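Peer 1: My file is run36.cif. It has mmCIF, C-alpha atoms:
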```
data_run
#
loop_
_atom_site.label_atom_id
_atom_site.label_comp_id
_atom_site.auth_asym_id
_atom_site.auth_seq_id
_atom_site.Cartn_x
_atom_site.Cartn_y
_atom_site.Cartn_z
CA MET A 1 6.09 8.47 -26.33
CA LEU A 2 9.23 6.49 -26.69
CA LEU A 3 11.86 4.95 -24.44
CA PHE A 4 15.57 5.60 -24.79
CA ARG A 5 18.67 4.06 -23.22
CA SER A 6 19.66 7.43 -21.83
CA GLU A 7 19.06 11.16 -22.14
CA GLU A 8 21.88 11.33 -24.70
CA HIS A 9 20.05 8.87 -26.92
CA ALA A 10 16.82 10.86 -26.49
CA GLU A 11 18.62 14.03 -27.54
CA ARG A 12 20.18 12.36 -30.58
CA TRP A 13 16.75 11.10 -31.71
CA ARG A 14 15.23 14.54 -31.08
CA GLU A 15 17.78 16.21 -33.35
CA ARG A 16 17.05 13.68 -36.07
CA ALA A 17 13.24 13.32 -35.79
CA LYS A 18 12.42 16.91 -34.88
CA PRO A 19 9.19 16.22 -32.97
CA PRO A 20 6.74 19.11 -32.53
CA ALA A 21 7.68 19.34 -28.84
CA SER A 22 9.87 17.52 -26.38
CA ASN A 23 9.97 16.68 -22.71
CA VAL A 24 12.08 13.99 -21.10
CA LEU A 25 10.94 12.03 -18.04
CA THR A 26 13.07 9.81 -15.85
CA ILE A 27 11.92 6.20 -15.82
CA GLU A 28 10.70 6.72 -12.25
CA GLN A 29 8.54 9.66 -13.36
CA ALA A 30 7.27 7.65 -16.33
CA THR A 31 6.26 4.61 -14.27
CA GLY A 32 4.70 6.88 -11.65
CA LEU A 33 2.71 8.72 -14.30
CA ALA A 34 1.54 5.49 -15.92
CA HIS A 35 0.45 4.10 -12.57
CA ALA A 36 -1.43 7.22 -11.52
CA TRP A 37 -3.08 7.51 -14.94
CA TYR A 38 -4.21 3.95 -15.45
CA ARG A 39 -4.54 2.18 -12.10
CA ASN A 40 -8.34 2.65 -12.08
CA LYS A 41 -8.96 2.27 -15.80
CA LEU A 42 -10.80 -1.06 -15.56
CA ASP A 43 -12.87 -0.09 -12.52
CA PRO A 44 -16.64 0.25 -13.06
CA ASP A 45 -16.64 3.87 -11.93
CA TRP A 46 -13.58 4.98 -13.87
CA ARG A 47 -13.86 8.40 -15.50
CA ARG A 48 -11.48 10.72 -17.28
CA PHE A 49 -9.49 13.03 -15.02
CA THR A 50 -10.53 16.64 -14.88
CA THR A 51 -7.93 19.15 -16.01
CA ASP A 52 -7.22 20.10 -12.39
CA GLU A 53 -6.83 16.46 -11.35
CA ALA A 54 -4.48 15.73 -14.25
CA GLU A 55 -2.35 18.77 -13.55
CA THR A 56 -2.15 17.80 -9.88
CA ILE A 57 -0.78 14.40 -10.91
CA PHE A 58 1.79 16.06 -13.16
CA ASP A 59 2.81 18.43 -10.35
CA GLN A 60 3.14 15.63 -7.82
CA LEU A 61 5.50 13.79 -10.16
CA GLY A 62 7.62 16.90 -10.60
CA LEU A 63 6.88 17.25 -14.31
CA ASP A 64 7.65 20.52 -16.07
CA PRO A 65 4.48 22.60 -15.48
CA GLU A 66 5.01 24.70 -18.59
CA PHE A 67 5.10 21.65 -20.86
CA TRP A 68 2.39 19.68 -19.05
CA ARG A 69 -0.15 22.48 -18.59
CA LEU A 70 -3.55 21.52 -20.00
CA SER A 71 -5.59 24.62 -19.24
CA MET B 1 -31.61 3.74 -19.18
CA THR B 2 -29.82 7.00 -20.03
CA ASP B 3 -26.94 7.15 -22.51
CA ALA B 4 -24.53 7.68 -19.61
CA GLU B 5 -25.85 4.58 -17.84
CA ALA B 6 -25.67 2.55 -21.03
CA ASP B 7 -22.11 3.71 -21.69
CA ARG B 8 -21.10 2.73 -18.16
CA GLU B 9 -22.44 -0.78 -18.72
CA VAL B 10 -20.57 -1.01 -22.02
CA ARG B 11 -17.34 0.16 -20.34
CA ILE B 12 -17.82 -2.52 -17.69
CA ALA B 13 -18.24 -5.14 -20.42
CA ILE B 14 -15.08 -3.92 -22.18
CA ALA B 15 -13.14 -4.09 -18.91
CA ARG B 16 -14.53 -7.56 -18.20
CA SER B 17 -13.36 -8.80 -21.59
CA ILE B 18 -9.88 -7.41 -21.03
CA LYS B 19 -9.53 -8.82 -17.52
CA THR B 20 -11.19 -12.17 -18.16
CA HIS B 21 -10.19 -12.98 -21.72
CA GLY B 22 -7.18 -10.72 -22.25
CA LYS B 23 -8.86 -9.29 -25.32
CA ILE B 24 -10.14 -5.91 -26.40
CA PRO B 25 -13.67 -6.77 -27.51
CA THR B 26 -15.46 -5.92 -30.73
CA ILE B 27 -18.83 -4.19 -30.84
CA ALA B 28 -20.45 -7.52 -31.70
CA SER B 29 -18.83 -9.35 -28.80
CA VAL B 30 -19.85 -6.64 -26.31
CA ALA B 31 -23.39 -6.79 -27.65
CA ALA B 32 -23.41 -10.58 -27.24
CA ASP B 33 -21.93 -10.36 -23.73
CA MET B 34 -24.59 -7.84 -22.69
CA ALA B 35 -27.43 -9.45 -24.65
CA GLN B 36 -27.90 -6.06 -26.28
CA ASP B 37 -28.64 -4.91 -29.79
CA VAL B 38 -25.47 -4.36 -31.87
CA ALA B 39 -26.77 -0.96 -33.00
CA ALA B 40 -27.17 0.19 -29.40
CA VAL B 41 -23.63 -0.86 -28.51
CA ASP B 42 -22.32 0.74 -31.71
CA ALA B 43 -24.01 4.01 -30.69
CA SER B 44 -22.40 3.75 -27.26
CA PHE B 45 -18.98 3.19 -28.84
CA ALA B 46 -19.56 6.27 -31.02
CA ARG B 47 -20.37 8.40 -27.97
CA MET B 48 -17.25 7.15 -26.20
CA ILE B 49 -15.12 7.99 -29.22
CA ASP B 50 -16.53 11.53 -29.12
CA GLY B 51 -15.67 11.66 -25.42
CA HIS B 52 -12.08 10.42 -26.05
CA MET B 53 -12.72 7.29 -23.98
CA PHE B 54 -10.79 5.18 -26.47
CA ILE B 55 -9.00 5.36 -29.81
CA PRO B 56 -10.98 3.79 -32.66
CA ARG B 57 -9.65 1.93 -35.64
CA LYS B 58 -9.49 4.44 -38.47
CA GLY B 59 -12.82 4.68 -40.27
CA SER B 60 -14.56 2.49 -37.70
CA HIS B 61 -16.16 2.53 -34.27
CA GLU B 62 -14.20 -0.58 -33.27
CA ILE B 63 -11.53 -0.14 -30.60
CA TYR B 64 -7.89 0.25 -31.61
CA ALA B 65 -6.71 1.20 -28.13
CA TYR B 66 -8.67 1.16 -24.93
CA ASP B 67 -5.71 2.82 -23.30
CA PRO B 68 -3.46 1.50 -22.00
CA PHE B 69 -4.43 -1.65 -23.94
CA CYS B 70 -4.00 -1.83 -27.71
CA VAL B 71 -5.18 -4.52 -30.09
CA GLY B 72 -1.57 -4.59 -31.33
CA PRO B 73 0.89 -5.78 -32.28
CA THR B 74 3.06 -2.76 -31.52
CA ASP B 75 6.66 -2.10 -30.52
CA PHE B 76 5.69 -2.25 -26.84
CA PHE B 77 5.20 -5.77 -25.47
CA VAL B 78 4.06 -6.20 -21.89
CA THR B 79 3.97 -9.41 -19.93
CA ALA B 80 1.56 -9.17 -16.99
CA ALA B 81 -1.06 -11.33 -15.30
CA GLY B 82 0.09 -14.35 -17.30
CA ARG B 83 -0.53 -12.80 -20.72
CA VAL B 84 1.23 -10.74 -23.36
CA TRP B 85 -0.29 -7.31 -24.05
CA PHE B 86 0.48 -4.42 -26.36
CA GLY B 87 0.64 -0.69 -25.67
CA ILE B 88 0.61 2.00 -28.32
CA CYS B 89 3.39 3.93 -26.59
CA ALA B 90 5.75 3.76 -23.64
CA TRP B 91 3.34 5.59 -21.30
CA ASP B 92 0.59 3.08 -22.05
CA ALA B 93 2.89 0.06 -21.90
CA LEU B 94 4.10 1.10 -18.45
CA GLY B 95 0.45 1.55 -17.42
CA ILE B 96 -0.76 -1.93 -18.34
CA PRO B 97 0.49 -3.60 -15.12
CA ALA B 98 -1.11 -0.75 -13.14
CA ALA B 99 -4.46 -1.23 -14.87
CA LEU B 100 -4.30 -4.96 -14.11
CA GLY B 101 -3.18 -4.37 -10.52
CA THR B 102 -0.10 -6.49 -10.90
CA MET B 103 3.59 -6.35 -11.70
CA GLY B 104 4.72 -6.54 -15.29
CA VAL B 105 7.62 -6.47 -17.71
CA VAL B 106 7.72 -3.98 -20.58
CA GLU B 107 9.88 -4.91 -23.55
CA THR B 108 10.70 -2.49 -26.34
CA HIS B 109 13.80 -0.97 -27.91
CA CYS B 110 15.63 2.32 -27.74
CA ALA B 111 14.08 4.56 -30.41
CA ASP B 112 17.55 5.92 -31.18
CA CYS B 113 19.89 2.93 -31.32
CA ASP B 114 17.38 0.05 -31.42
CA GLU B 115 18.96 -1.74 -28.47
CA SER B 116 16.54 -3.87 -26.48
CA LEU B 117 15.06 -2.24 -23.37
CA VAL B 118 13.33 -4.13 -20.58
CA VAL B 119 11.62 -2.37 -17.69
CA GLU B 120 10.07 -4.25 -14.80
CA VAL B 121 7.42 -2.41 -12.81
CA ASP B 122 5.73 -3.54 -9.62
CA ALA B 123 2.02 -3.31 -8.84
CA ASP B 124 2.56 0.11 -7.28
CA GLY B 125 4.19 1.55 -10.39
CA ARG B 126 7.74 1.49 -9.10
CA THR B 127 10.87 0.24 -10.77
CA ASP B 128 14.37 -0.18 -9.49
CA MET B 129 15.78 -1.13 -12.87
CA GLN B 130 17.18 0.81 -15.81
CA THR B 131 17.60 4.02 -13.86
CA TRP B 132 19.33 5.59 -16.85
CA THR B 133 16.38 4.89 -19.17
CA VAL B 134 14.21 7.91 -20.06
CA LEU B 135 10.86 8.49 -21.72
CA GLN B 136 10.54 11.28 -24.25
CA VAL B 137 7.19 12.91 -24.99
CA GLY B 138 7.14 14.43 -28.47
CA VAL B 139 3.77 16.21 -28.32
CA ARG B 140 2.49 18.65 -25.72
CA PRO B 141 -0.22 16.97 -23.60
CA SER B 142 -2.67 19.74 -24.49
CA ASP B 143 -2.26 18.63 -28.13
CA PHE B 144 -2.50 14.83 -27.64
CA TRP B 145 -5.98 14.52 -29.16
CA LYS B 146 -5.41 16.89 -32.09
CA ASP B 147 -4.00 13.89 -33.98
CA ILE B 148 -4.15 10.94 -31.63
CA TYR B 149 -2.71 8.54 -34.22
CA PHE B 150 0.42 10.69 -34.50
CA THR B 151 0.59 11.12 -30.72
#
```
Would you write out, as structure tokens, the structure that this file holds?
Peer 2:
Amino acid sequence: MLLFRSEEHAERWRERAKPPASNVLTIEQATGLAHAWYRNKLDPDWRRFTTDEAETIFDQLGLDPEFWRLS
Amino acid sequence: MTDAEADREVRIAIARSIKTHGKIPTIASVAADMAQDVAAVDASFARMIDGHMFIPRKGSHEIYAYDPFCVGPTDFFVTAAGRVWFGICAWDALGIPAALGTMGVVETHCADCDESLVVEVDADGRTDMQTWTVLQVGVRPSDFWKDIYFT
């Protein structure tokens, strides 16, 4: 997962690197995802998200459900 | 104590090391911190690797990344809580301030043109900077753990 100056730069890299898949997030989506995913990581009762919980986070951030589906 | 209870205590010790010392601990240091046998902590680390709780160093049970924290150095520097941290990817780097409950500054470079990128995030995971910056995911999330080192 890499950062790019803009979507045009992401597209240029994608054409060159040919990753197995591709989905582009705005920086607001990316920071929101990182916060939701990791804010409890150091808590004593942290646990991995269930598939449903993870997909709910993705949905709430407006991520592409086809790309982000886990089940 | 059950394996699950033992693993919880080990996770708490790992978190304590990160928060208190700014370091991802080794098996030996967790064992010393908990006054436990190294073999017991090693077994706990092995179970957590099987459960995808962290990414091990290749060929080892030692931690490479207790996401979002990586032993580093990597291309993703994060300044938060008075320390410099490393993330293995942009998602993790942006998550380090969140895990620490503080604001932070992520420094990396554009993977296309190599220009420096700096993103400041607050404790609530918001940024009002670099609105043109984007994050590209190159592997479907359902495939992340098929080859976590590639991901």
Peer 1: Kindly assemble as JSON lines a list of the chain B residues that lie within 7 Å of chain A, each paired with its nearest atom pair and their distance in Å to one decimal, using all atoms listed in the file, sorted first by chain and then by ascending residue number.
Peer 2:
```
{"residue": "B:Ile12", "atom": "CA", "partner": "A:Pro44", "partner_atom": "CA", "distance": 5.5}
{"residue": "B:Ala15", "atom": "CA", "partner": "A:Leu42", "partner_atom": "CA", "distance": 5.1}
{"residue": "B:Cys89", "atom": "CA", "partner": "A:Met1", "partner_atom": "CA", "distance": 5.3}
{"residue": "B:Ala90", "atom": "CA", "partner": "A:Leu2", "partner_atom": "CA", "distance": 5.4}
{"residue": "B:Trp91", "atom": "CA", "partner": "A:Ala34", "partner_atom": "CA", "distance": 5.7}
{"residue": "B:Asp92", "atom": "CA", "partner": "A:Ala34", "partner_atom": "CA", "distance": 6.7}
{"residue": "B:Leu94", "atom": "CA", "partner": "A:Ala34", "partner_atom": "CA", "distance": 5.7}
{"residue": "B:Gly95", "atom": "CA", "partner": "A:Ala34", "partner_atom": "CA", "distance": 4.4}
{"residue": "B:Ala98", "atom": "CA", "partner": "A:Arg39", "partner_atom": "CA", "distance": 4.6}
{"residue": "B:Ala99", "atom": "CA", "partner": "A:Arg39", "partner_atom": "CA", "distance": 4.4}
{"residue": "B:Gly101", "atom": "CA", "partner": "A:Arg39", "partner_atom": "CA", "distance": 6.9}
{"residue": "B:Cys110", "atom": "CA", "partner": "A:Phe4", "partner_atom": "CA", "distance": 4.4}
{"residue": "B:Ala111", "atom": "CA", "partner": "A:Phe4", "partner_atom": "CA", "distance": 5.9}
{"residue": "B:Asp112", "atom": "CA", "partner": "A:Trp13", "partner_atom": "CA", "distance": 5.3}
{"residue": "B:Asp124", "atom": "CA", "partner": "A:His35", "partner_atom": "CA", "distance": 7.0}
{"residue": "B:Gly125", "atom": "CA", "partner": "A:His35", "partner_atom": "CA", "distance": 5.0}
{"residue": "B:Arg126", "atom": "CA", "partner": "A:Thr31", "partner_atom": "CA", "distance": 6.2}
{"residue": "B:Thr127", "atom": "CA", "partner": "A:Glu28", "partner_atom": "CA", "distance": 6.6}
{"residue": "B:Thr131", "atom": "CA", "partner": "A:Ile27", "partner_atom": "CA", "distance": 6.4}
{"residue": "B:Trp132", "atom": "CA", "partner": "A:Ser6", "partner_atom": "CA", "distance": 5.3}
{"residue": "B:Thr133", "atom": "CA", "partner": "A:Arg5", "partner_atom": "CA", "distance": 4.7}
{"residue": "B:Val134", "atom": "CA", "partner": "A:Thr26", "partner_atom": "CA", "distance": 4.8}
{"residue": "B:Leu135", "atom": "CA", "partner": "A:Leu3", "partner_atom": "CA", "distance": 4.6}
{"residue": "B:Gln136", "atom": "CA", "partner": "A:Val24", "partner_atom": "CA", "distance": 4.4}
{"residue": "B:Val137", "atom": "CA", "partner": "A:Met1", "partner_atom": "CA", "distance": 4.8}
{"residue": "B:Gly138", "atom": "CA", "partner": "A:Ser22", "partner_atom": "CA", "distance": 4.6}
{"residue": "B:Val139", "atom": "CA", "partner": "A:Ala21", "partner_atom": "CA", "distance": 5.0}
{"residue": "B:Arg140", "atom": "CA", "partner": "A:Ala21", "partner_atom": "CA", "distance": 6.1}
{"residue": "B:Pro141", "atom": "CA", "partner": "A:Trp68", "partner_atom": "CA", "distance": 5.9}
{"residue": "B:Ser142", "atom": "CA", "partner": "A:Leu70", "partner_atom": "CA", "distance": 4.9}
```
Peer 1: Do you have the atom CA of Glu55 of chain A-atom CA of Ile14 of chain B distance handy?
Peer 2: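 Atom CA of Ile14 of chain B lies at a distance of 27.4 Å from atom CA of Glu55 of chain A.
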Peer 1: Quick one: pull the distance between atom CA of Val105 of chain B and atom CA of Phe58 of chain A, Å, one decimal.
Peer 2: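 Interatomic distance, atom CA of Val105 of chain B to atom CA of Phe58 of chain A: 23.7 Å.
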Peer 1: What is the atom CA of Val10 of chain B-atom CA of Val41 of chain B distance in Å, reported with one decimal?
Peer 2: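 Value for the atom CA of Val10 of chain B-atom CA of Val41 of chain B distance: 7.2 Å.
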Peer 1: On this structure, which residues satisfy the PyMOL selection byres ((chain B and resi 108) around 9), written as a list in words?
Peer 2: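 Going through the file, the PyMOL selection byres ((chain B and resi 108) around 9) ends up selecting Leu3 of chain A; Asp75, Phe76, Phe77, Val78, Ala90, Val106, Glu107, His109, Cys110, Ala111, Asp114, Glu115, Ser116, Leu117, Val118 and Val119 of chain B.
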Peer 1: At a cut-off of 12 Å, using only C-alpha atoms, what residues contact Trp145 of chain B? Leave out same-chain residues fewer than 2 positions from it and give the result as a ChimeraX atom specification.
Peer 2: /A:70 /B:49-55,139-143,147-151
Peer 1: The selected residues should be written to file as a PDB file, in the coordinates of the input (atoms: C-alpha atoms).
Peer 2:
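To be explicit, this is the file written out as again.pdb:
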```pdb
ATOM      1  CA  LEU A  70      -3.550  21.520 -20.000  1.00  0.00           C
TER       2      LEU A  70
ATOM      3  CA  ILE B  49     -15.120   7.990 -29.220  1.00  0.00           C
ATOM      4  CA  ASP B  50     -16.530  11.530 -29.120  1.00  0.00           C
ATOM      5  CA  GLY B  51     -15.670  11.660 -25.420  1.00  0.00           C
ATOM      6  CA  HIS B  52     -12.080  10.420 -26.050  1.00  0.00           C
ATOM      7  CA  MET B  53     -12.720   7.290 -23.980  1.00  0.00           C
ATOM      8  CA  PHE B  54     -10.790   5.180 -26.470  1.00  0.00           C
ATOM      9  CA  ILE B  55      -9.000   5.360 -29.810  1.00  0.00           C
ATOM     10  CA  VAL B 139       3.770  16.210 -28.320  1.00  0.00           C
ATOM     11  CA  ARG B 140       2.490  18.650 -25.720  1.00  0.00           C
ATOM     12  CA  PRO B 141      -0.220  16.970 -23.600  1.00  0.00           C
ATOM     13  CA  SER B 142      -2.670  19.740 -24.490  1.00  0.00           C
ATOM     14  CA  ASP B 143      -2.260  18.630 -28.130  1.00  0.00           C
ATOM     15  CA  ASP B 147      -4.000  13.890 -33.980  1.00  0.00           C
ATOM     16  CA  ILE B 148      -4.150  10.940 -31.630  1.00  0.00           C
ATOM     17  CA  TYR B 149      -2.710   8.540 -34.220  1.00  0.00           C
ATOM     18  CA  PHE B 150       0.420  10.690 -34.500  1.00  0.00           C
ATOM     19  CA  THR B 151       0.590  11.120 -30.720  1.00  0.00           C
TER      20      THR B 151
END
```
Peer 1: Once 3 Å is added on each side, what centre and edge lengths in Å to one decimal does the axis-aligned box around all listed atoms of segment 15-19 of chain A have, as AutoDock Vina command-line options?
Peer 2:
```
--center_x 13.5 --center_y 15.1 --center_z -34.5 --size_x 14.6 --size_y 9.6 --size_z 9.1
```
Peer 1: Go through B:Met1, B:Arg57, B:Cys113, B:Glu62 and flag the residue nearest Val30 of chain B, using all atoms listed in the file for the distances.
Peer 2: B:Glu62
Peer 1: Pick from B:Lys19, B:Asp67, B:Val38, B:Ala31: nearest to Gly82 of chain B, with all atoms listed in the file counted?
Peer 2: B:Lys19
Peer 1: Given the point (-13.7, -3.4, -22.4) in the file's coordinates, find the residues that have an atom at most 7 Å from it, counting all atoms listed in the file, and give them as a PyMOL selection string.
Peer 2: chain B and resi 11-18+24-25
Peer 1: Nearest residue to Ile27 of chain B out of B:Asp122, B:Ala4, B:Ile63, B:Ile88, using all atoms listed in the file?
Peer 2: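 Nearest to Ile27 of chain B: B:Ile63.
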Peer 1: Report as a list of chain:residue names the residues that result from applying the PyMOL selection byres ((chain B and resi 72) around 8) to the structure here.
Peer 2: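 Evaluating the PyMOL selection byres ((chain B and resi 72) around 8) on these coordinates yields B:Tyr64, B:Cys70, B:Val71, B:Pro73, B:Thr74, B:Trp85, B:Phe86, B:Gly87, B:Ile88.
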Peer 1: Quick one: residues within 12 Å of Asp3 of chain B, all atoms listed in the file counted, chain neighbours fewer than 3 positions away excluded, as a ChimeraX atom specification?
Peer 2: /B:6-10,40-41,43-48
